[in-house]
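Visitor: Next up is a structure, given as structure tokens.
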Amino acid sequence: MNERLQEDMATMLSGLSHQMRSIAEVQKKRSLLTATVLAEEKRIEVTVNADGLLIDTKFADDILDLTMDEIAVAITKAVQDAAAQVQKKARELMDPLLAHRDSLPKLSEMIEGAPDLAGLIPQPVETPTVSPDSPDWPGNKRDVHEESGPASVVADRD
């Protein structure tokens, strides 16, 4: 190995060790994140944990001034808003790690022809925020071609 490659490998390994310690620290901090949202003129208060799971719900004394449907819609939206807030907090915790990672030499920069491993990582699919009964739920939307039904075998042979 040439001297430049040895230096790059040492930098990469040192950076990887630092990154692993930092990831463990961020994971611990992330696990303690929460977000609380008030809805319907402070009649409803919801709190979610770091995973966006509802962990606490409180109602004001005048909650029954709302209909059950209003309560249901408000809780759903409040939990979604709280989950978005906690995701934002988690991203902010990760930002310094991502900046450090981006400053490290890439394998493709050290070894000619090596793949850029970051480009091989699949990106997460956005999860739906509507009820599975909603027409907007993925899979419930009918494609224009599907609505007309399958093509006729007889017509295709004519």
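Chain labels follow the order of the structure tokens: the first chain is A, the next B, and so on; residue numbering restarts at 1 in every chain, and ligands are counted from 1 in their shown order.
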Step one, run DSSP on the backbone; step two, keep only residues of segment 9-113 of chain A assigned to alpha helix (DSSP H); then write them as a PyMOL selection string.
Guide: chain A and resi 9-31+68-103+107-110
Visitor: Residues of segment 22-72 of chain A that have any atom at most 8 Å from an atom of segment 84-102 of chain A: could you tabulate them with the shortest-distance atom pair and the distance in Å to one decimal, using only C-alpha atoms, ordered by chain and increasing number, as a tab-separated table?
Guide:
residue	atom	partner	partner_atom	distance
A:Ser22	CA	A:Leu97	CA	7.0
A:Ile23	CA	A:Leu97	CA	7.4
A:Val26	CA	A:Leu93	CA	6.5
A:Arg30	CA	A:Ala90	CA	5.9
A:Leu33	CA	A:Val86	CA	6.6
A:Thr34	CA	A:Val86	CA	6.1
A:Ala35	CA	A:Val86	CA	5.5
A:Val48	CA	A:Val86	CA	7.8
A:Asn49	CA	A:Val86	CA	7.5
A:Ala50	CA	A:Val86	CA	6.0
A:Asp51	CA	A:Val86	CA	7.9
A:Gly52	CA	A:Val86	CA	6.8
Visitor: Extract the full set of strand (DSSP E) residues from segment 38-104 of chain A according to DSSP on the backbone, and format it as a ChimeraX atom specification.
Guide: /A:38-39,44-49,54-59
Visitor: Check the smallest atom-to-atom distance from each of A:Pro128, A:Leu32, A:Thr76, A:Glu40 to Asp62 of chain A using only C-alpha atoms, then report the winner.
Guide: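 Ranked by minimum distance to Asp62 of chain A, first place goes to A:Glu40.
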Visitor: Have a look at atom CA of Ser31 of chain A and atom CA of Val46 of chain A and let me know their distance in Å, one decimal.
Guide: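 Between atom CA of Ser31 of chain A and atom CA of Val46 of chain A the gap works out to 17.9 Å.
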Visitor: I want to know what sits within 9 Å of Thr47 of chain A, based on only C-alpha atoms, with residues of the same chain fewer than 3 positions away left out; could you give that as a list in words?
Guide: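 Near neighbours after the sequence-gap exclusion: Thr34, Ala35, Thr36, Val37, Gly52, Leu53, Leu54, Ile55, Asp56, Thr57, Lys58, Ala78, Val79, Ala82 and Ala83 of chain A.
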Visitor: To one decimal place in Å, what is the distance between atom CA of Asp81 of chain A and atom CA of Ala39 of chain A?
Guide: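 We find that atom CA of Asp81 of chain A and atom CA of Ala39 of chain A lie 10.1 Å from each other.
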Visitor: Determine the nearest neighbour of Val73 of chain A from the options A:Ser131, A:Arg4, A:Leu16, A:Lys141, counting only C-alpha atoms.
Guide: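 Residue with the minimum atom-to-atom distance to Val73 of chain A: A:Ser131.
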